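**Student:** What follows is coords_2.txt, compact mmCIF, C-alpha atoms.
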```
# COMPACT_ATOMS: atom_id res chain seq x y z
CA MET Q 1 131.28 -129.41 -66.41
CA PHE Q 2 132.85 -126.03 -67.22
CA HIS Q 3 136.36 -125.75 -68.63
CA THR Q 4 136.36 -122.05 -69.56
CA LEU Q 5 135.37 -119.18 -67.27
CA LEU Q 6 134.87 -115.56 -68.28
CA PHE Q 7 134.77 -113.03 -65.45
CA ASP Q 8 133.19 -109.61 -65.53
CA LEU Q 9 135.50 -107.04 -63.91
CA ASP Q 10 133.59 -104.28 -62.06
CA GLY Q 11 131.50 -105.81 -59.31
CA THR Q 12 132.84 -109.30 -59.89
CA LEU Q 13 136.62 -109.17 -59.51
CA THR Q 14 136.96 -105.64 -58.14
CA ASN Q 15 134.94 -103.13 -56.13
CA SER Q 16 135.24 -100.10 -58.39
CA ALA Q 17 132.35 -98.09 -56.95
CA GLU Q 18 134.40 -95.15 -55.67
CA GLY Q 19 136.23 -94.49 -58.93
CA ILE Q 20 133.23 -94.91 -61.21
CA THR Q 21 130.76 -92.88 -59.17
CA LYS Q 22 133.21 -90.02 -58.59
CA CYS Q 23 133.97 -89.87 -62.31
CA VAL Q 24 130.26 -89.81 -63.16
CA GLN Q 25 129.82 -87.05 -60.57
CA TYR Q 26 132.68 -85.14 -62.23
CA ALA Q 27 131.10 -85.49 -65.68
CA LEU Q 28 127.69 -84.40 -64.43
CA LYS Q 29 129.16 -81.34 -62.74
CA ASP Q 30 130.72 -80.32 -66.05
CA ALA Q 31 127.22 -80.55 -67.56
CA GLY Q 32 125.82 -78.28 -64.83
CA ILE Q 33 124.32 -81.05 -62.70
CA ASP Q 34 125.24 -81.25 -59.01
CA GLU Q 35 124.87 -84.78 -57.65
CA PRO Q 36 126.31 -85.02 -54.12
CA ASP Q 37 125.02 -88.54 -53.41
CA LEU Q 38 127.54 -91.01 -54.83
CA ASN Q 39 125.33 -93.96 -53.90
CA SER Q 40 122.71 -92.73 -56.33
CA LEU Q 41 125.29 -93.09 -59.11
CA ARG Q 42 126.03 -96.77 -58.49
CA LYS Q 43 123.48 -97.56 -61.20
CA PHE Q 44 126.12 -96.47 -63.69
CA ILE Q 45 128.32 -99.43 -62.77
CA GLY Q 46 127.95 -102.16 -65.36
CA PRO Q 47 125.84 -100.76 -68.21
CA PRO Q 48 127.45 -98.69 -71.01
CA LEU Q 49 128.19 -95.12 -69.92
CA ARG Q 50 126.69 -93.38 -72.93
CA ALA Q 51 123.39 -95.22 -72.58
CA SER Q 52 123.30 -94.54 -68.84
CA PHE Q 53 123.74 -90.79 -69.24
CA GLU Q 54 120.87 -90.82 -71.73
CA LYS Q 55 118.66 -93.05 -69.60
CA TYR Q 56 119.14 -91.48 -66.18
CA TYR Q 57 119.71 -87.82 -67.06
CA GLY Q 58 117.94 -87.41 -70.39
CA PHE Q 59 121.11 -86.51 -72.26
CA THR Q 60 121.07 -86.38 -76.03
CA PRO Q 61 123.53 -88.73 -77.80
CA GLN Q 62 125.98 -85.83 -78.22
CA GLN Q 63 125.62 -84.77 -74.57
CA ALA Q 64 126.18 -88.39 -73.52
CA GLU Q 65 129.29 -88.55 -75.67
CA ASN Q 66 130.62 -85.33 -74.12
CA ALA Q 67 129.89 -86.64 -70.62
CA THR Q 68 131.66 -89.91 -71.40
CA GLN Q 69 134.75 -88.04 -72.53
CA LYS Q 70 134.64 -85.90 -69.38
CA TYR Q 71 134.28 -89.06 -67.26
CA ARG Q 72 137.40 -90.50 -68.88
CA GLU Q 73 139.30 -87.28 -68.25
CA ARG Q 74 139.20 -88.01 -64.52
CA TYR Q 75 139.16 -91.80 -64.75
CA HIS Q 76 142.38 -92.06 -66.75
CA ASN Q 77 144.63 -90.72 -63.99
CA ILE Q 78 142.55 -90.90 -60.80
CA GLY Q 79 139.42 -93.04 -61.00
CA ILE Q 80 141.18 -96.11 -62.30
CA TYR Q 81 143.06 -96.35 -58.99
CA GLU Q 82 140.00 -95.80 -56.77
CA ASN Q 83 139.42 -99.51 -56.90
CA GLU Q 84 140.17 -102.67 -54.91
CA ALA Q 85 140.05 -106.41 -55.47
CA TYR Q 86 137.37 -108.29 -53.56
CA PRO Q 87 138.87 -110.39 -50.74
CA GLU Q 88 139.51 -114.01 -51.72
CA ILE Q 89 139.26 -113.34 -55.47
CA LEU Q 90 142.97 -113.67 -56.18
CA ALA Q 91 143.15 -116.92 -54.20
CA LEU Q 92 140.17 -118.23 -56.19
CA LEU Q 93 141.84 -117.40 -59.51
CA HIS Q 94 145.04 -119.08 -58.37
CA LYS Q 95 143.23 -122.25 -57.36
CA LEU Q 96 141.30 -122.42 -60.64
CA TYR Q 97 144.51 -121.86 -62.57
CA THR Q 98 146.21 -124.78 -60.82
CA GLN Q 99 143.22 -126.89 -61.85
CA LYS Q 100 143.94 -126.08 -65.51
CA ILE Q 101 140.79 -124.01 -65.98
CA THR Q 102 141.00 -121.52 -68.87
CA MET Q 103 140.02 -118.07 -67.65
CA GLY Q 104 139.52 -114.62 -69.09
CA ILE Q 105 137.96 -111.24 -68.42
CA ALA Q 106 135.00 -110.00 -70.46
CA THR Q 107 134.14 -106.48 -69.31
CA GLY Q 108 132.13 -103.55 -70.56
CA LYS Q 109 134.98 -101.34 -69.34
CA PRO Q 110 137.26 -100.17 -72.16
CA GLU Q 111 140.04 -102.68 -72.68
CA VAL Q 112 142.72 -100.00 -72.36
CA TYR Q 113 141.64 -99.63 -68.71
CA ALA Q 114 140.93 -103.29 -68.00
CA LEU Q 115 144.49 -104.32 -68.90
CA PRO Q 116 146.32 -102.17 -66.30
CA ILE Q 117 143.71 -103.00 -63.64
CA ALA Q 118 144.22 -106.73 -64.22
CA ARG Q 119 147.96 -106.28 -63.92
CA ARG Q 120 147.70 -104.03 -60.85
CA PHE Q 121 145.74 -106.60 -58.84
CA GLY Q 122 147.69 -109.64 -60.01
CA PHE Q 123 144.91 -111.15 -62.14
CA ALA Q 124 146.77 -111.05 -65.45
CA PRO Q 125 149.03 -114.12 -65.00
CA TYR Q 126 145.98 -116.35 -64.60
CA LEU Q 127 144.10 -115.07 -67.66
CA SER Q 128 144.21 -116.21 -71.26
CA THR Q 129 142.41 -113.07 -72.49
CA ILE Q 130 141.44 -109.67 -71.14
CA THR Q 131 138.66 -108.46 -73.39
CA GLY Q 132 136.90 -105.14 -72.98
CA SER Q 133 134.91 -102.60 -74.91
CA SER Q 134 136.37 -100.01 -77.26
CA LEU Q 135 136.65 -96.29 -76.59
CA ASP Q 136 134.61 -95.48 -79.70
CA GLY Q 137 131.50 -97.23 -78.39
CA LYS Q 138 131.39 -99.93 -81.06
CA LEU Q 139 131.46 -102.66 -78.39
CA ASP Q 140 129.11 -101.00 -75.89
CA ASP Q 141 126.84 -104.05 -76.07
CA LYS Q 142 128.20 -106.56 -73.51
CA ALA Q 143 127.15 -109.43 -75.78
CA LEU Q 144 129.68 -108.22 -78.37
CA VAL Q 145 132.44 -108.18 -75.74
CA VAL Q 146 131.63 -111.74 -74.70
CA ALA Q 147 131.56 -112.82 -78.34
CA GLU Q 148 135.00 -111.33 -78.87
CA ALA Q 149 136.37 -113.02 -75.73
CA LEU Q 150 135.07 -116.39 -76.93
CA ARG Q 151 136.58 -115.78 -80.37
CA ARG Q 152 139.98 -115.04 -78.84
CA LEU Q 153 139.74 -118.29 -76.90
CA ASP Q 154 138.75 -120.14 -80.10
CA ILE Q 155 135.42 -121.20 -78.60
CA THR Q 156 133.13 -121.41 -81.60
CA THR Q 157 131.07 -124.62 -81.46
CA ALA Q 158 127.94 -125.35 -79.47
CA GLU Q 159 129.76 -128.17 -77.69
CA GLN Q 160 132.58 -125.84 -76.59
CA LYS Q 161 130.06 -123.29 -75.39
CA GLN Q 162 128.35 -125.92 -73.23
CA HIS Q 163 131.55 -125.98 -71.20
CA SER Q 164 131.93 -122.20 -70.99
CA LEU Q 165 130.54 -119.86 -68.34
CA LEU Q 166 130.29 -116.13 -67.68
CA ILE Q 167 130.42 -114.78 -64.12
CA GLY Q 168 128.99 -111.32 -63.52
CA ASP Q 169 126.93 -109.12 -61.24
CA ARG Q 170 124.45 -107.32 -63.52
CA ARG Q 171 121.56 -108.26 -65.79
CA GLU Q 172 123.70 -107.25 -68.78
CA ASP Q 173 126.05 -110.11 -67.95
CA VAL Q 174 123.24 -112.67 -67.89
CA LEU Q 175 121.79 -111.42 -71.16
CA ALA Q 176 125.22 -111.30 -72.82
CA ALA Q 177 126.01 -114.86 -71.77
CA HIS Q 178 122.73 -116.20 -73.09
CA ALA Q 179 123.06 -114.23 -76.32
CA ASN Q 180 126.28 -116.14 -76.92
CA GLY Q 181 124.90 -119.55 -75.99
CA ILE Q 182 126.69 -119.90 -72.66
CA LYS Q 183 125.49 -120.02 -69.06
CA CYS Q 184 125.97 -117.40 -66.35
CA ILE Q 185 126.61 -117.25 -62.63
CA GLY Q 186 125.16 -114.09 -61.13
CA VAL Q 187 127.05 -112.89 -58.06
CA GLY Q 188 125.34 -111.00 -55.26
CA TYR Q 189 128.35 -109.25 -53.75
CA GLY Q 190 128.65 -106.80 -56.65
CA PHE Q 191 126.38 -104.00 -57.82
CA GLY Q 192 123.31 -105.86 -59.05
CA SER Q 193 120.61 -107.26 -56.77
CA LYS Q 194 119.57 -110.88 -56.51
CA ASP Q 195 116.17 -109.91 -57.90
CA GLU Q 196 117.79 -108.26 -60.90
CA LEU Q 197 119.89 -111.32 -61.68
CA LEU Q 198 117.06 -113.79 -61.19
CA ALA Q 199 114.72 -111.72 -63.32
CA ALA Q 200 117.32 -111.72 -66.09
CA GLY Q 201 117.38 -115.51 -65.94
CA THR Q 202 120.75 -116.25 -64.40
CA ASP Q 203 121.52 -119.97 -64.42
CA TYR Q 204 123.25 -119.93 -61.04
CA TYR Q 205 123.50 -117.48 -58.15
CA ALA Q 206 126.28 -116.97 -55.59
CA ALA Q 207 125.83 -114.42 -52.81
CA THR Q 208 129.50 -114.29 -51.79
CA VAL Q 209 132.93 -115.09 -53.18
CA ALA Q 210 132.99 -118.15 -50.93
CA GLU Q 211 129.71 -119.36 -52.42
CA LEU Q 212 131.07 -118.71 -55.90
CA ALA Q 213 134.14 -120.82 -55.13
CA CYS Q 214 131.99 -123.70 -53.87
CA LEU Q 215 129.69 -123.49 -56.88
CA LEU Q 216 132.61 -123.55 -59.28
CA GLN Q 217 134.25 -126.48 -57.53
CA THR Q 218 131.12 -128.58 -58.02
CA ASN Q 219 130.89 -127.66 -61.70
CA ILE Q 220 134.44 -127.94 -63.05
```
When written as structure tokens, how does the structure in this file appear?

**Tutor:**
Amino acid sequence: MFHTLLFDLDGTLTNSAEGITKCVQYALKDAGIDEPDLNSLRKFIGPPLRASFEKYYGFTPQQAENATQKYRERYHNIGIYENEAYPEILALLHKLYTQKITMGIATGKPEVYALPIARRFGFAPYLSTITGSSLDGKLDDKALVVAEALRRLDITTAEQKQHSLLIGDRREDVLAAHANGIKCIGVGYGFGSKDELLAAGTDYYAATVAELACLLQTNI
């Protein structure tokens, strides 16, 4: 049975596709690349930005750093608000909270952005930690973010980790959970495919928020 739940943010609690893809588009334009198809940029949602610019556009580390800074230029005042909570998520958090489940966010998004988003959508009162990456890239590995979230919650032993669970929508979430000795629920309503999550070795799969709620109720 699980007593502690860590939620990814983008693609798990909120649909942030518009803000993220438009900010990537903005950064690419600054680098002289015109990408009119926002759907083609959804692959940037989840993995670290710097690595994605290098992987998908062949940027050097310095070019990726410049593009990340340009991305944040737009995201800070505009992109952060091009976002919406998935229907039923807030009700799910409320129900879990009344059941005395400890909850937190563990996101690859910089923590300075995750905090106002959690407050904006009403998540914050239900959470014991909101843990994100750092602007300097030192926590770009999702496994490090999850490790920090567990540390903040004082979850250090193997027995405690047996009762802890990460919920996310991308392969990075599955790998990060397993790297920290905890299980993962992969959700299919976000930005990763079922095939991606299953290939990564997700322990559970929920196609919708309703399925996620049912799965959690049978395991807490």

**Student:** Would you mind telling me which residue in Q:Leu28, Q:Gln69, Q:Ala177, Q:Glu88 lies nearest to Tyr56 of chain Q when using only C-alpha atoms?

**Tutor:**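 Using only C-alpha atoms, the shortest distance to Tyr56 of chain Q belongs to Q:Leu28.
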
**Student:** Figure out the distance between atom CA of Tyr113 of chain Q and atom CA of Lys70 of chain Q, please, to one decimal in Å.

**Tutor:** 15.4 Å

**Student:** Can you tell me which residues surround Arg72 of chain Q at a distance of at most 9 Å, considering all atoms listed in the file, apart from same-chain residues fewer than 6 positions away, and format the answer as number ranges by chain?

**Tutor:** Q: 23, 27, 79

**Student:** Measuring between all atoms listed in the file, which one of Q:Phe44, Q:Tyr97, Q:Tyr86, Q:Phe123 shows the shortest distance to Gly192 of chain Q?

**Tutor:**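 Checking each candidate against Gly192 of chain Q, we get Q:Phe44 as the closest.
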
**Student:** For Gly190 of chain Q, find every residue with an atom within 8 Å (counting all atoms listed in the file), except residues of its own chain fewer than 3 positions away, and show them as a PyMOL selection string.

**Tutor:** chain Q and resi 10-12+15+169+187

**Student:** Have segment 129-140 of chain Q completed to all heavy atoms, please, and pass it along as a PDB file, keeping the file's coordinate frame.

**Tutor:**
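Just written: part-v7.pdb:
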```pdb
ATOM      1  N   THR Q 129     142.818-114.263 -71.746  1.00  0.00           N
ATOM      2  CA  THR Q 129     142.410-113.070 -72.490  1.00  0.00           C
ATOM      3  C   THR Q 129     141.851-112.039 -71.530  1.00  0.00           C
ATOM      4  O   THR Q 129     141.263-112.389 -70.502  1.00  0.00           O
ATOM      5  CB  THR Q 129     141.352-113.394 -73.566  1.00  0.00           C
ATOM      6  OG1 THR Q 129     141.060-112.199 -74.308  1.00  0.00           O
ATOM      7  CG2 THR Q 129     140.061-113.907 -72.959  1.00  0.00           C
ATOM      8  N   ILE Q 130     142.073-110.782 -71.857  1.00  0.00           N
ATOM      9  CA  ILE Q 130     141.440-109.670 -71.140  1.00  0.00           C
ATOM     10  C   ILE Q 130     140.741-108.860 -72.221  1.00  0.00           C
ATOM     11  O   ILE Q 130     141.365-108.122 -72.976  1.00  0.00           O
ATOM     12  CB  ILE Q 130     142.472-108.815 -70.392  1.00  0.00           C
ATOM     13  CG1 ILE Q 130     143.203-109.667 -69.356  1.00  0.00           C
ATOM     14  CG2 ILE Q 130     141.789-107.618 -69.716  1.00  0.00           C
ATOM     15  CD1 ILE Q 130     144.392-108.980 -68.712  1.00  0.00           C
ATOM     16  N   THR Q 131     139.441-109.053 -72.319  1.00  0.00           N
ATOM     17  CA  THR Q 131     138.660-108.460 -73.390  1.00  0.00           C
ATOM     18  C   THR Q 131     137.732-107.399 -72.827  1.00  0.00           C
ATOM     19  O   THR Q 131     136.991-107.652 -71.873  1.00  0.00           O
ATOM     20  CB  THR Q 131     137.820-109.533 -74.112  1.00  0.00           C
ATOM     21  OG1 THR Q 131     138.670-110.604 -74.523  1.00  0.00           O
ATOM     22  CG2 THR Q 131     137.118-108.939 -75.324  1.00  0.00           C
ATOM     23  N   GLY Q 132     137.772-106.216 -73.420  1.00  0.00           N
ATOM     24  CA  GLY Q 132     136.900-105.140 -72.980  1.00  0.00           C
ATOM     25  C   GLY Q 132     136.273-104.431 -74.150  1.00  0.00           C
ATOM     26  O   GLY Q 132     136.452-104.827 -75.311  1.00  0.00           O
ATOM     27  N   SER Q 133     135.546-103.383 -73.857  1.00  0.00           N
ATOM     28  CA  SER Q 133     134.910-102.600 -74.910  1.00  0.00           C
ATOM     29  C   SER Q 133     135.938-101.678 -75.552  1.00  0.00           C
ATOM     30  O   SER Q 133     137.095-101.613 -75.134  1.00  0.00           O
ATOM     31  CB  SER Q 133     133.742-101.799 -74.340  1.00  0.00           C
ATOM     32  OG  SER Q 133     134.212-100.844 -73.404  1.00  0.00           O
ATOM     33  N   SER Q 134     135.504-100.957 -76.577  1.00  0.00           N
ATOM     34  CA  SER Q 134     136.370-100.010 -77.260  1.00  0.00           C
ATOM     35  C   SER Q 134     135.980 -98.591 -76.878  1.00  0.00           C
ATOM     36  O   SER Q 134     134.838 -98.331 -76.503  1.00  0.00           O
ATOM     37  CB  SER Q 134     136.266-100.199 -78.776  1.00  0.00           C
ATOM     38  OG  SER Q 134     134.913-100.110 -79.193  1.00  0.00           O
ATOM     39  N   LEU Q 135     136.919 -97.666 -76.975  1.00  0.00           N
ATOM     40  CA  LEU Q 135     136.650 -96.290 -76.590  1.00  0.00           C
ATOM     41  C   LEU Q 135     135.632 -95.621 -77.513  1.00  0.00           C
ATOM     42  O   LEU Q 135     134.956 -94.671 -77.114  1.00  0.00           O
ATOM     43  CB  LEU Q 135     137.947 -95.481 -76.590  1.00  0.00           C
ATOM     44  CG  LEU Q 135     138.959 -95.841 -75.495  1.00  0.00           C
ATOM     45  CD1 LEU Q 135     140.261 -95.093 -75.713  1.00  0.00           C
ATOM     46  CD2 LEU Q 135     138.404 -95.550 -74.107  1.00  0.00           C
ATOM     47  N   ASP Q 136     135.519 -96.121 -78.737  1.00  0.00           N
ATOM     48  CA  ASP Q 136     134.610 -95.480 -79.700  1.00  0.00           C
ATOM     49  C   ASP Q 136     133.160 -95.913 -79.562  1.00  0.00           C
ATOM     50  O   ASP Q 136     132.289 -95.450 -80.297  1.00  0.00           O
ATOM     51  CB  ASP Q 136     135.084 -95.747 -81.136  1.00  0.00           C
ATOM     52  CG  ASP Q 136     135.131 -97.231 -81.483  1.00  0.00           C
ATOM     53  OD1 ASP Q 136     134.613 -98.055 -80.710  1.00  0.00           O
ATOM     54  OD2 ASP Q 136     135.718 -97.563 -82.533  1.00  0.00           O
ATOM     55  N   GLY Q 137     132.876 -96.824 -78.626  1.00  0.00           N
ATOM     56  CA  GLY Q 137     131.500 -97.230 -78.390  1.00  0.00           C
ATOM     57  C   GLY Q 137     130.996 -98.361 -79.261  1.00  0.00           C
ATOM     58  O   GLY Q 137     129.858 -98.808 -79.117  1.00  0.00           O
ATOM     59  N   LYS Q 138     131.834 -98.884 -80.143  1.00  0.00           N
ATOM     60  CA  LYS Q 138     131.390 -99.930 -81.060  1.00  0.00           C
ATOM     61  C   LYS Q 138     131.115-101.261 -80.350  1.00  0.00           C
ATOM     62  O   LYS Q 138     130.425-102.114 -80.887  1.00  0.00           O
ATOM     63  CB  LYS Q 138     132.419-100.129 -82.171  1.00  0.00           C
ATOM     64  CG  LYS Q 138     132.491 -98.953 -83.139  1.00  0.00           C
ATOM     65  CD  LYS Q 138     133.495 -99.199 -84.246  1.00  0.00           C
ATOM     66  CE  LYS Q 138     133.522 -98.036 -85.219  1.00  0.00           C
ATOM     67  NZ  LYS Q 138     134.523 -98.231 -86.301  1.00  0.00           N
ATOM     68  N   LEU Q 139     131.694-101.428 -79.157  1.00  0.00           N
ATOM     69  CA  LEU Q 139     131.460-102.660 -78.390  1.00  0.00           C
ATOM     70  C   LEU Q 139     130.713-102.364 -77.092  1.00  0.00           C
ATOM     71  O   LEU Q 139     130.905-103.042 -76.097  1.00  0.00           O
ATOM     72  CB  LEU Q 139     132.781-103.373 -78.096  1.00  0.00           C
ATOM     73  CG  LEU Q 139     133.525-103.984 -79.280  1.00  0.00           C
ATOM     74  CD1 LEU Q 139     134.822-104.647 -78.807  1.00  0.00           C
ATOM     75  CD2 LEU Q 139     132.660-105.000 -80.010  1.00  0.00           C
ATOM     76  N   ASP Q 140     129.852-101.345 -77.108  1.00  0.00           N
ATOM     77  CA  ASP Q 140     129.110-101.000 -75.890  1.00  0.00           C
ATOM     78  C   ASP Q 140     128.155-102.107 -75.463  1.00  0.00           C
ATOM     79  O   ASP Q 140     127.797-102.207 -74.292  1.00  0.00           O
ATOM     80  CB  ASP Q 140     128.333 -99.695 -76.095  1.00  0.00           C
ATOM     81  CG  ASP Q 140     129.167 -98.463 -75.746  1.00  0.00           C
ATOM     82  OD1 ASP Q 140     130.339 -98.634 -75.366  1.00  0.00           O
ATOM     83  OD2 ASP Q 140     128.643 -97.336 -75.861  1.00  0.00           O
TER      84      ASP Q 140
END
```
